[in-house]
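J.: Following this line is input-v9.cif, made up of mmCIF, N, CA and C atoms:
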```
data_start
#
loop_
_atom_site.label_atom_id
_atom_site.label_comp_id
_atom_site.auth_asym_id
_atom_site.auth_seq_id
_atom_site.Cartn_x
_atom_site.Cartn_y
_atom_site.Cartn_z
N MET O 1 -21.08 49.26 5.60
CA MET O 1 -20.53 48.38 6.60
C MET O 1 -19.93 47.17 5.89
N LYS O 2 -18.70 46.84 6.27
CA LYS O 2 -18.01 45.67 5.72
C LYS O 2 -18.02 44.54 6.75
N ARG O 3 -17.88 43.33 6.25
CA ARG O 3 -17.68 42.16 7.11
C ARG O 3 -16.21 41.80 7.00
N ILE O 4 -15.50 41.81 8.12
CA ILE O 4 -14.05 41.70 8.12
C ILE O 4 -13.59 40.55 9.02
N LEU O 5 -12.66 39.75 8.49
CA LEU O 5 -12.05 38.66 9.25
C LEU O 5 -10.68 39.10 9.72
N VAL O 6 -10.40 38.94 11.01
CA VAL O 6 -9.08 39.23 11.57
C VAL O 6 -8.55 37.93 12.16
N SER O 7 -7.61 37.28 11.45
CA SER O 7 -6.99 36.08 12.02
C SER O 7 -5.88 36.53 12.95
N GLY O 8 -5.76 35.87 14.09
CA GLY O 8 -4.86 36.36 15.13
C GLY O 8 -5.50 37.52 15.87
N GLY O 9 -6.83 37.58 15.82
CA GLY O 9 -7.56 38.71 16.37
C GLY O 9 -7.58 38.81 17.89
N ALA O 10 -7.16 37.76 18.59
CA ALA O 10 -7.11 37.83 20.06
C ALA O 10 -5.72 38.18 20.56
N GLY O 11 -4.82 38.47 19.65
CA GLY O 11 -3.48 38.92 20.03
C GLY O 11 -3.49 40.40 20.36
N PHE O 12 -2.33 40.93 20.74
CA PHE O 12 -2.25 42.34 21.13
C PHE O 12 -2.67 43.27 19.99
N ILE O 13 -2.04 43.14 18.84
CA ILE O 13 -2.37 44.01 17.71
C ILE O 13 -3.75 43.66 17.15
N GLY O 14 -4.02 42.36 17.01
CA GLY O 14 -5.30 41.94 16.45
C GLY O 14 -6.49 42.42 17.24
N SER O 15 -6.40 42.35 18.57
CA SER O 15 -7.52 42.78 19.40
C SER O 15 -7.77 44.28 19.27
N HIS O 16 -6.70 45.05 19.19
CA HIS O 16 -6.87 46.49 18.98
C HIS O 16 -7.45 46.79 17.60
N LEU O 17 -7.03 46.02 16.61
CA LEU O 17 -7.59 46.18 15.27
C LEU O 17 -9.08 45.85 15.26
N CYS O 18 -9.46 44.75 15.92
CA CYS O 18 -10.88 44.39 16.01
C CYS O 18 -11.69 45.52 16.63
N THR O 19 -11.19 46.07 17.71
CA THR O 19 -11.88 47.18 18.38
C THR O 19 -12.05 48.36 17.45
N ARG O 20 -10.99 48.73 16.76
CA ARG O 20 -11.05 49.88 15.85
C ARG O 20 -12.02 49.65 14.70
N LEU O 21 -11.99 48.45 14.13
CA LEU O 21 -12.88 48.15 13.00
C LEU O 21 -14.34 48.20 13.43
N ILE O 22 -14.65 47.73 14.63
CA ILE O 22 -16.01 47.81 15.15
C ILE O 22 -16.40 49.26 15.40
N GLU O 23 -15.48 50.04 15.98
CA GLU O 23 -15.73 51.47 16.21
C GLU O 23 -16.00 52.19 14.89
N ASP O 24 -15.39 51.70 13.81
CA ASP O 24 -15.59 52.30 12.49
C ASP O 24 -16.87 51.80 11.81
N GLY O 25 -17.63 50.93 12.51
CA GLY O 25 -18.93 50.51 12.02
C GLY O 25 -18.97 49.21 11.25
N HIS O 26 -17.95 48.39 11.36
CA HIS O 26 -17.89 47.13 10.62
C HIS O 26 -18.26 45.94 11.50
N ASP O 27 -18.65 44.84 10.84
CA ASP O 27 -18.83 43.56 11.51
C ASP O 27 -17.49 42.84 11.47
N VAL O 28 -17.07 42.28 12.58
CA VAL O 28 -15.75 41.66 12.68
C VAL O 28 -15.85 40.22 13.17
N ILE O 29 -15.15 39.34 12.46
CA ILE O 29 -14.98 37.96 12.89
C ILE O 29 -13.53 37.82 13.33
N CYS O 30 -13.34 37.48 14.58
CA CYS O 30 -12.01 37.29 15.16
C CYS O 30 -11.71 35.80 15.15
N LEU O 31 -10.68 35.42 14.40
CA LEU O 31 -10.29 34.02 14.29
C LEU O 31 -8.98 33.84 15.05
N ASP O 32 -8.94 32.94 16.03
CA ASP O 32 -7.72 32.76 16.82
C ASP O 32 -7.76 31.40 17.50
N ASN O 33 -6.62 30.71 17.57
CA ASN O 33 -6.56 29.43 18.29
C ASN O 33 -6.12 29.61 19.75
N LEU O 34 -5.85 30.85 20.14
CA LEU O 34 -5.46 31.22 21.50
C LEU O 34 -4.13 30.61 21.95
N PHE O 35 -3.25 30.28 20.99
CA PHE O 35 -1.92 29.79 21.34
C PHE O 35 -1.11 30.91 21.99
N THR O 36 -1.09 32.08 21.38
CA THR O 36 -0.43 33.23 22.00
C THR O 36 -1.42 34.36 22.27
N GLY O 37 -2.56 34.35 21.60
CA GLY O 37 -3.59 35.34 21.88
C GLY O 37 -4.33 34.98 23.16
N SER O 38 -5.19 35.88 23.60
CA SER O 38 -5.90 35.67 24.86
C SER O 38 -7.32 36.20 24.77
N LYS O 39 -8.26 35.43 25.31
CA LYS O 39 -9.64 35.90 25.35
C LYS O 39 -9.76 37.19 26.16
N GLU O 40 -8.85 37.38 27.11
CA GLU O 40 -8.88 38.62 27.90
C GLU O 40 -8.74 39.85 27.01
N ASN O 41 -8.00 39.71 25.90
CA ASN O 41 -7.80 40.85 24.99
C ASN O 41 -9.07 41.25 24.26
N ILE O 42 -10.03 40.33 24.17
CA ILE O 42 -11.26 40.62 23.42
C ILE O 42 -12.52 40.56 24.28
N LEU O 43 -12.36 40.39 25.59
CA LEU O 43 -13.53 40.30 26.48
C LEU O 43 -14.48 41.48 26.32
N HIS O 44 -13.92 42.67 26.13
CA HIS O 44 -14.75 43.87 26.00
C HIS O 44 -15.59 43.87 24.72
N LEU O 45 -15.30 42.95 23.79
CA LEU O 45 -16.04 42.89 22.53
C LEU O 45 -17.07 41.76 22.49
N MET O 46 -16.99 40.82 23.41
CA MET O 46 -17.79 39.60 23.34
C MET O 46 -19.30 39.84 23.30
N ASP O 47 -19.80 40.87 23.92
CA ASP O 47 -21.24 41.13 23.91
C ASP O 47 -21.66 42.08 22.79
N ASN O 48 -20.70 42.50 21.99
CA ASN O 48 -21.01 43.42 20.89
C ASN O 48 -21.64 42.63 19.74
N PRO O 49 -22.81 43.04 19.26
CA PRO O 49 -23.47 42.30 18.18
C PRO O 49 -22.70 42.34 16.85
N HIS O 50 -21.72 43.21 16.75
CA HIS O 50 -20.93 43.32 15.52
C HIS O 50 -19.62 42.52 15.60
N PHE O 51 -19.49 41.73 16.67
CA PHE O 51 -18.26 40.96 16.90
C PHE O 51 -18.59 39.48 17.05
N GLU O 52 -17.76 38.64 16.43
CA GLU O 52 -17.89 37.19 16.58
C GLU O 52 -16.51 36.60 16.79
N PHE O 53 -16.35 35.79 17.83
CA PHE O 53 -15.09 35.09 18.07
C PHE O 53 -15.22 33.64 17.62
N VAL O 54 -14.24 33.18 16.83
CA VAL O 54 -14.20 31.79 16.38
C VAL O 54 -12.84 31.22 16.77
N ARG O 55 -12.86 30.19 17.61
CA ARG O 55 -11.60 29.53 17.98
C ARG O 55 -11.23 28.56 16.85
N HIS O 56 -10.17 28.89 16.14
CA HIS O 56 -9.79 28.13 14.95
C HIS O 56 -8.31 28.34 14.68
N ASP O 57 -7.65 27.30 14.20
CA ASP O 57 -6.24 27.35 13.84
C ASP O 57 -6.13 27.55 12.32
N VAL O 58 -5.42 28.58 11.89
CA VAL O 58 -5.31 28.89 10.46
C VAL O 58 -4.54 27.84 9.67
N THR O 59 -3.93 26.87 10.35
CA THR O 59 -3.30 25.78 9.60
C THR O 59 -4.35 24.87 8.99
N ASP O 60 -5.60 25.03 9.41
CA ASP O 60 -6.73 24.33 8.81
C ASP O 60 -7.55 25.34 8.01
N PRO O 61 -8.09 24.92 6.86
CA PRO O 61 -8.89 25.86 6.06
C PRO O 61 -10.09 26.39 6.85
N TYR O 62 -10.51 27.58 6.48
CA TYR O 62 -11.68 28.20 7.09
C TYR O 62 -12.46 28.89 5.98
N SER O 63 -13.77 28.82 6.05
CA SER O 63 -14.59 29.41 4.99
C SER O 63 -15.65 30.32 5.59
N VAL O 64 -15.73 31.51 5.05
CA VAL O 64 -16.71 32.49 5.50
C VAL O 64 -16.79 33.58 4.42
N GLU O 65 -17.94 34.22 4.32
CA GLU O 65 -18.11 35.32 3.37
C GLU O 65 -17.67 36.62 4.04
N VAL O 66 -16.63 37.23 3.53
CA VAL O 66 -16.12 38.49 4.08
C VAL O 66 -15.70 39.42 2.95
N ASP O 67 -15.57 40.71 3.29
CA ASP O 67 -15.12 41.71 2.32
C ASP O 67 -13.61 41.96 2.42
N GLU O 68 -13.09 41.80 3.64
CA GLU O 68 -11.66 42.03 3.87
C GLU O 68 -11.13 41.00 4.87
N ILE O 69 -9.82 40.73 4.74
CA ILE O 69 -9.14 39.82 5.66
C ILE O 69 -7.84 40.48 6.12
N TYR O 70 -7.62 40.46 7.43
CA TYR O 70 -6.35 40.89 8.00
C TYR O 70 -5.72 39.65 8.62
N ASN O 71 -4.67 39.12 7.99
CA ASN O 71 -4.04 37.91 8.51
C ASN O 71 -2.86 38.28 9.40
N LEU O 72 -3.11 38.24 10.70
CA LEU O 72 -2.09 38.57 11.70
C LEU O 72 -1.65 37.33 12.48
N ALA O 73 -2.13 36.16 12.08
CA ALA O 73 -1.87 34.93 12.84
C ALA O 73 -0.41 34.50 12.69
N CYS O 74 0.35 34.64 13.77
CA CYS O 74 1.74 34.19 13.80
C CYS O 74 2.30 34.44 15.20
N PRO O 75 2.84 33.40 15.85
CA PRO O 75 3.49 33.65 17.13
C PRO O 75 4.68 34.58 16.92
N ALA O 76 4.72 35.70 17.61
CA ALA O 76 5.75 36.70 17.36
C ALA O 76 6.88 36.70 18.39
N SER O 77 6.62 36.25 19.58
CA SER O 77 7.63 36.26 20.63
C SER O 77 8.54 35.05 20.50
N PRO O 78 9.86 35.23 20.65
CA PRO O 78 10.77 34.07 20.58
C PRO O 78 10.37 32.95 21.54
N VAL O 79 9.89 33.29 22.71
CA VAL O 79 9.45 32.27 23.66
C VAL O 79 8.36 31.40 23.04
N HIS O 80 7.44 32.03 22.30
CA HIS O 80 6.33 31.30 21.71
C HIS O 80 6.71 30.59 20.42
N TYR O 81 7.42 31.28 19.52
CA TYR O 81 7.67 30.62 18.24
C TYR O 81 8.78 29.59 18.33
N GLN O 82 9.62 29.63 19.35
CA GLN O 82 10.63 28.60 19.52
C GLN O 82 10.09 27.39 20.29
N TYR O 83 8.96 27.55 20.97
CA TYR O 83 8.35 26.46 21.70
C TYR O 83 7.99 25.31 20.76
N ASP O 84 7.45 25.64 19.61
CA ASP O 84 7.11 24.64 18.59
C ASP O 84 7.38 25.25 17.23
N ALA O 85 8.63 25.16 16.79
CA ALA O 85 9.06 25.81 15.55
C ALA O 85 8.29 25.30 14.34
N ILE O 86 7.99 24.01 14.30
CA ILE O 86 7.25 23.44 13.17
C ILE O 86 5.85 24.05 13.10
N GLN O 87 5.19 24.15 14.25
CA GLN O 87 3.85 24.74 14.26
C GLN O 87 3.91 26.21 13.86
N THR O 88 4.95 26.92 14.25
CA THR O 88 5.10 28.32 13.86
C THR O 88 5.24 28.44 12.35
N ILE O 89 6.05 27.59 11.75
CA ILE O 89 6.21 27.62 10.29
C ILE O 89 4.89 27.29 9.61
N LYS O 90 4.17 26.28 10.12
CA LYS O 90 2.88 25.92 9.55
C LYS O 90 1.89 27.08 9.67
N THR O 91 1.90 27.75 10.81
CA THR O 91 1.00 28.89 10.99
C THR O 91 1.31 29.98 9.98
N SER O 92 2.59 30.29 9.80
CA SER O 92 2.98 31.35 8.88
C SER O 92 2.71 30.97 7.42
N VAL O 93 3.09 29.76 7.04
CA VAL O 93 2.97 29.35 5.63
C VAL O 93 1.55 28.89 5.30
N MET O 94 1.07 27.86 6.00
CA MET O 94 -0.26 27.34 5.70
C MET O 94 -1.35 28.37 6.02
N GLY O 95 -1.14 29.13 7.08
CA GLY O 95 -2.10 30.18 7.41
C GLY O 95 -2.21 31.19 6.30
N ALA O 96 -1.08 31.62 5.76
CA ALA O 96 -1.10 32.58 4.65
C ALA O 96 -1.76 31.96 3.42
N ILE O 97 -1.43 30.71 3.12
CA ILE O 97 -2.03 30.04 1.96
C ILE O 97 -3.55 29.94 2.13
N HIS O 98 -4.01 29.54 3.33
CA HIS O 98 -5.45 29.40 3.55
C HIS O 98 -6.16 30.75 3.50
N MET O 99 -5.57 31.78 4.08
CA MET O 99 -6.21 33.09 4.06
C MET O 99 -6.21 33.69 2.65
N LEU O 100 -5.11 33.48 1.90
CA LEU O 100 -5.07 33.96 0.51
C LEU O 100 -6.08 33.21 -0.35
N GLY O 101 -6.21 31.91 -0.12
CA GLY O 101 -7.20 31.13 -0.86
C GLY O 101 -8.62 31.60 -0.56
N LEU O 102 -8.90 31.86 0.71
CA LEU O 102 -10.21 32.38 1.09
C LEU O 102 -10.46 33.72 0.42
N ALA O 103 -9.49 34.61 0.46
CA ALA O 103 -9.64 35.92 -0.17
C ALA O 103 -9.95 35.78 -1.66
N MET O 104 -9.26 34.86 -2.31
CA MET O 104 -9.49 34.65 -3.73
C MET O 104 -10.91 34.10 -3.98
N ARG O 105 -11.34 33.14 -3.16
CA ARG O 105 -12.67 32.53 -3.35
C ARG O 105 -13.81 33.53 -3.16
N VAL O 106 -13.67 34.43 -2.18
CA VAL O 106 -14.76 35.36 -1.89
C VAL O 106 -14.50 36.76 -2.43
N ASN O 107 -13.40 36.91 -3.19
CA ASN O 107 -13.02 38.19 -3.79
C ASN O 107 -12.86 39.29 -2.73
N ALA O 108 -12.16 38.95 -1.65
CA ALA O 108 -11.94 39.89 -0.54
C ALA O 108 -10.54 40.51 -0.66
N LYS O 109 -10.42 41.71 -0.17
CA LYS O 109 -9.10 42.32 -0.02
C LYS O 109 -8.42 41.65 1.16
N ILE O 110 -7.08 41.55 1.08
CA ILE O 110 -6.35 40.91 2.19
C ILE O 110 -5.10 41.71 2.52
N LEU O 111 -4.82 41.79 3.81
CA LEU O 111 -3.57 42.33 4.30
C LEU O 111 -2.84 41.18 4.98
N GLN O 112 -1.66 40.85 4.49
CA GLN O 112 -0.84 39.79 5.06
C GLN O 112 0.24 40.44 5.91
N ALA O 113 0.21 40.18 7.20
CA ALA O 113 1.20 40.76 8.11
C ALA O 113 2.15 39.69 8.60
N SER O 114 3.25 40.11 9.19
CA SER O 114 4.22 39.18 9.73
C SER O 114 4.93 39.84 10.90
N THR O 115 5.69 39.07 11.60
CA THR O 115 6.48 39.61 12.69
C THR O 115 7.82 40.11 12.17
N SER O 116 8.38 41.10 12.81
CA SER O 116 9.69 41.63 12.41
C SER O 116 10.79 40.61 12.62
N GLU O 117 10.49 39.56 13.39
CA GLU O 117 11.48 38.51 13.65
C GLU O 117 11.96 37.83 12.37
N VAL O 118 11.15 37.87 11.31
CA VAL O 118 11.56 37.22 10.06
C VAL O 118 12.77 37.90 9.44
N TYR O 119 13.07 39.13 9.87
CA TYR O 119 14.21 39.86 9.32
C TYR O 119 15.51 39.61 10.06
N GLY O 120 15.47 38.81 11.10
CA GLY O 120 16.68 38.51 11.86
C GLY O 120 16.92 39.51 12.97
N ASP O 121 18.06 39.34 13.65
CA ASP O 121 18.41 40.23 14.74
C ASP O 121 18.75 41.62 14.18
N PRO O 122 18.14 42.65 14.72
CA PRO O 122 18.41 43.99 14.23
C PRO O 122 19.79 44.49 14.66
N MET O 123 20.40 45.28 13.81
CA MET O 123 21.69 45.88 14.13
C MET O 123 21.51 47.23 14.82
N ILE O 124 20.28 47.75 14.78
CA ILE O 124 19.97 49.06 15.35
C ILE O 124 18.83 48.88 16.37
N HIS O 125 19.02 49.45 17.57
CA HIS O 125 17.99 49.41 18.61
C HIS O 125 17.74 50.82 19.10
N PRO O 126 16.55 51.32 19.17
CA PRO O 126 15.35 50.80 18.52
C PRO O 126 15.43 51.04 17.01
N GLN O 127 14.61 50.35 16.27
CA GLN O 127 14.65 50.47 14.82
C GLN O 127 13.79 51.63 14.34
N PRO O 128 14.37 52.50 13.51
CA PRO O 128 13.56 53.56 12.89
C PRO O 128 12.74 52.96 11.74
N GLU O 129 11.73 53.65 11.28
CA GLU O 129 10.89 53.16 10.19
C GLU O 129 11.69 52.89 8.93
N SER O 130 12.82 53.56 8.76
CA SER O 130 13.64 53.38 7.57
C SER O 130 14.49 52.10 7.60
N TYR O 131 14.57 51.45 8.76
CA TYR O 131 15.39 50.25 8.90
C TYR O 131 14.68 49.04 8.32
N TRP O 132 15.32 48.33 7.42
CA TRP O 132 14.70 47.21 6.70
C TRP O 132 15.08 45.85 7.25
N GLY O 133 15.89 45.80 8.27
CA GLY O 133 16.25 44.52 8.87
C GLY O 133 17.62 44.02 8.44
N THR O 134 17.96 42.86 8.94
CA THR O 134 19.26 42.25 8.67
C THR O 134 19.05 40.95 7.93
N SER O 135 19.83 40.76 6.90
CA SER O 135 19.79 39.49 6.16
C SER O 135 21.19 38.94 6.11
N ILE O 136 21.38 37.79 6.72
CA ILE O 136 22.71 37.18 6.75
C ILE O 136 22.68 35.93 5.88
N PRO O 137 23.53 35.87 4.87
CA PRO O 137 23.52 34.70 3.96
C PRO O 137 24.00 33.43 4.63
#
```
Translate the structure of the given file into structure tokens.
T.:
Amino acid sequence: MKRILVSGGAGFIGSHLCTRLIEDGHDVICLDNLFTGSKENILHLMDNPHFEFVRHDVTDPYSVEVDEIYNLACPASPVHYQYDAIQTIKTSVMGAIHMLGLAMRVNAKILQASTSEVYGDPMIHPQPESYWGTSIP
């Protein structure tokens, strides 16, 4: 059994990941400030002894002993990330720095995820797995 931190764990993808990791027999810490995530997404896990919810913003350091980290914290919808662009940048940059620092301190494996929005507007709808995005200089 591993102890796993999922930042952005109350979001759509994060909450499903938390569920799957618990089903696979792991202890999960869900870290989320609930800016775009929702407690409703994790309500079914709240009474599970292998689940812990921590309301925390990844722009601030966080310390915990874990074996793995999945950093999914980032507002992905244009409505959300355009609401406060500076906070979105801080979440993406400082959040990654804090989670990478934590991984280094506790010797944990880390998966750093991001939204496809960082690649710009797609030229192909829907995008196949082979599509790498658009980069406009």
J.: Taking all atoms listed in the file into account, which of O:His56, O:His44, O:His16, O:Arg105 comes nearest O:Cys30?
T.: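 For O:Cys30, the nearest of the given residues is O:His56.
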J.: If we count only C-alpha atoms, what is near O:Gln87 at a cut-off of 12 Å, once residues fewer than 2 positions away on the same chain are taken out, given as a list in words?
T.: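 Non-adjacent residues within range: Phe35, Asp57, Val58, Thr59, Asp60, Ala73, Cys74, Pro75, His80, Tyr81, Gln82, Tyr83, Asp84, Ala85, Ile89, Lys90, Thr91, Ser92, Val93, Met94 and Gly95 of chain O.
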J.: I want to know what sits within 6.5 Å of O:Ser38, based on all atoms listed in the file, with residues of the same chain fewer than 3 positions away left out; could you give that as a PDB file with N, CA and C atoms, in the frame of the given file?
T.:
```
ATOM      1  N   ALA O  10      -7.160  37.760  18.590  1.00  0.00           N
ATOM      2  CA  ALA O  10      -7.110  37.830  20.060  1.00  0.00           C
ATOM      3  C   ALA O  10      -5.720  38.180  20.560  1.00  0.00           C
ATOM      4  N   GLY O  11      -4.820  38.470  19.650  1.00  0.00           N
ATOM      5  CA  GLY O  11      -3.480  38.920  20.030  1.00  0.00           C
ATOM      6  C   GLY O  11      -3.490  40.400  20.360  1.00  0.00           C
ATOM      7  N   PHE O  12      -2.330  40.930  20.740  1.00  0.00           N
ATOM      8  CA  PHE O  12      -2.250  42.340  21.130  1.00  0.00           C
ATOM      9  C   PHE O  12      -2.670  43.270  19.990  1.00  0.00           C
ATOM     10  N   LEU O  34      -5.850  30.850  20.140  1.00  0.00           N
ATOM     11  CA  LEU O  34      -5.460  31.220  21.500  1.00  0.00           C
ATOM     12  C   LEU O  34      -4.130  30.610  21.950  1.00  0.00           C
ATOM     13  N   PHE O  35      -3.250  30.280  20.990  1.00  0.00           N
ATOM     14  CA  PHE O  35      -1.920  29.790  21.340  1.00  0.00           C
ATOM     15  C   PHE O  35      -1.110  30.910  21.990  1.00  0.00           C
ATOM     16  N   ASN O  41      -8.000  39.710  25.900  1.00  0.00           N
ATOM     17  CA  ASN O  41      -7.800  40.850  24.990  1.00  0.00           C
ATOM     18  C   ASN O  41      -9.070  41.250  24.260  1.00  0.00           C
ATOM     19  N   ILE O  42     -10.030  40.330  24.170  1.00  0.00           N
ATOM     20  CA  ILE O  42     -11.260  40.620  23.420  1.00  0.00           C
ATOM     21  C   ILE O  42     -12.520  40.560  24.280  1.00  0.00           C
TER      22      ILE O  42
END
```
J.: Using all atoms listed in the file, which residues sit within 5 Å of O:Leu5 once same-chain residues fewer than 2 positions away are excluded, as a count of residues only?
T.: 6
J.: Can you tell me, as a PyMOL selection string, what residues are no more than 7 Å from O:Lys2 when counting only N, CA and C atoms, ignoring any on the same chain fewer than 6 positions away?
T.: chain O and resi 25-28+66-68
J.: So how far away is atom CA of O:Ser15 from atom N of O:His125, in Å?
T.: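 So the two atoms, atom N of O:His125 and atom CA of O:Ser15, lie 27.4 Å apart.
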J.: Please indicate the distance in Å from atom CA of O:Ile4 to atom N of O:Thr88, rounded to one decimal place.
T.: 24.8 Å
J.: When you count only N, CA and C atoms, which of these residues is closest to O:Pro61: O:Ser114, O:Pro126, O:Gly14, O:Met99?
T.: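 Closest residue, counting only N, CA and C atoms: O:Met99.
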J.: For atom C of O:Leu102 and atom CA of O:Val6, quote the distance in Å rounded to one decimal.
T.: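 Straight-line distance from atom C of O:Leu102 to atom CA of O:Val6 works out to 12.5 Å.
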J.: Find the residues near O:Leu100: any atom within 10 Å, counting only C-alpha atoms, skip ones fewer than 2 places away on the same chain, and give them as a list in words.
T.: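 Returned residues: Ile69, Asn71, Met94, Gly95, Ala96, Ile97, His98, Leu102, Ala103, Met104, Arg105, Asn107, Ala108, Lys109, Ile110, Leu111 and Gln112 of chain O.
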J.: Considering only N, CA and C atoms, state which residue in the set O:Leu45, O:Cys18, O:Val54, O:Ile13 is at the smallest distance from O:Asp32.
T.: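 When distances to O:Asp32 are compared using only N, CA and C atoms, the smallest one comes from O:Val54.
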J.: Apply DSSP to the structure's backbone, then extract all residues of stretch 20-50 of chain O labelled strand (DSSP E or B) and return them as a list in words.
T.: Asp27, Val28, Ile29, Cys30, Leu31 and Asp32 of chain O
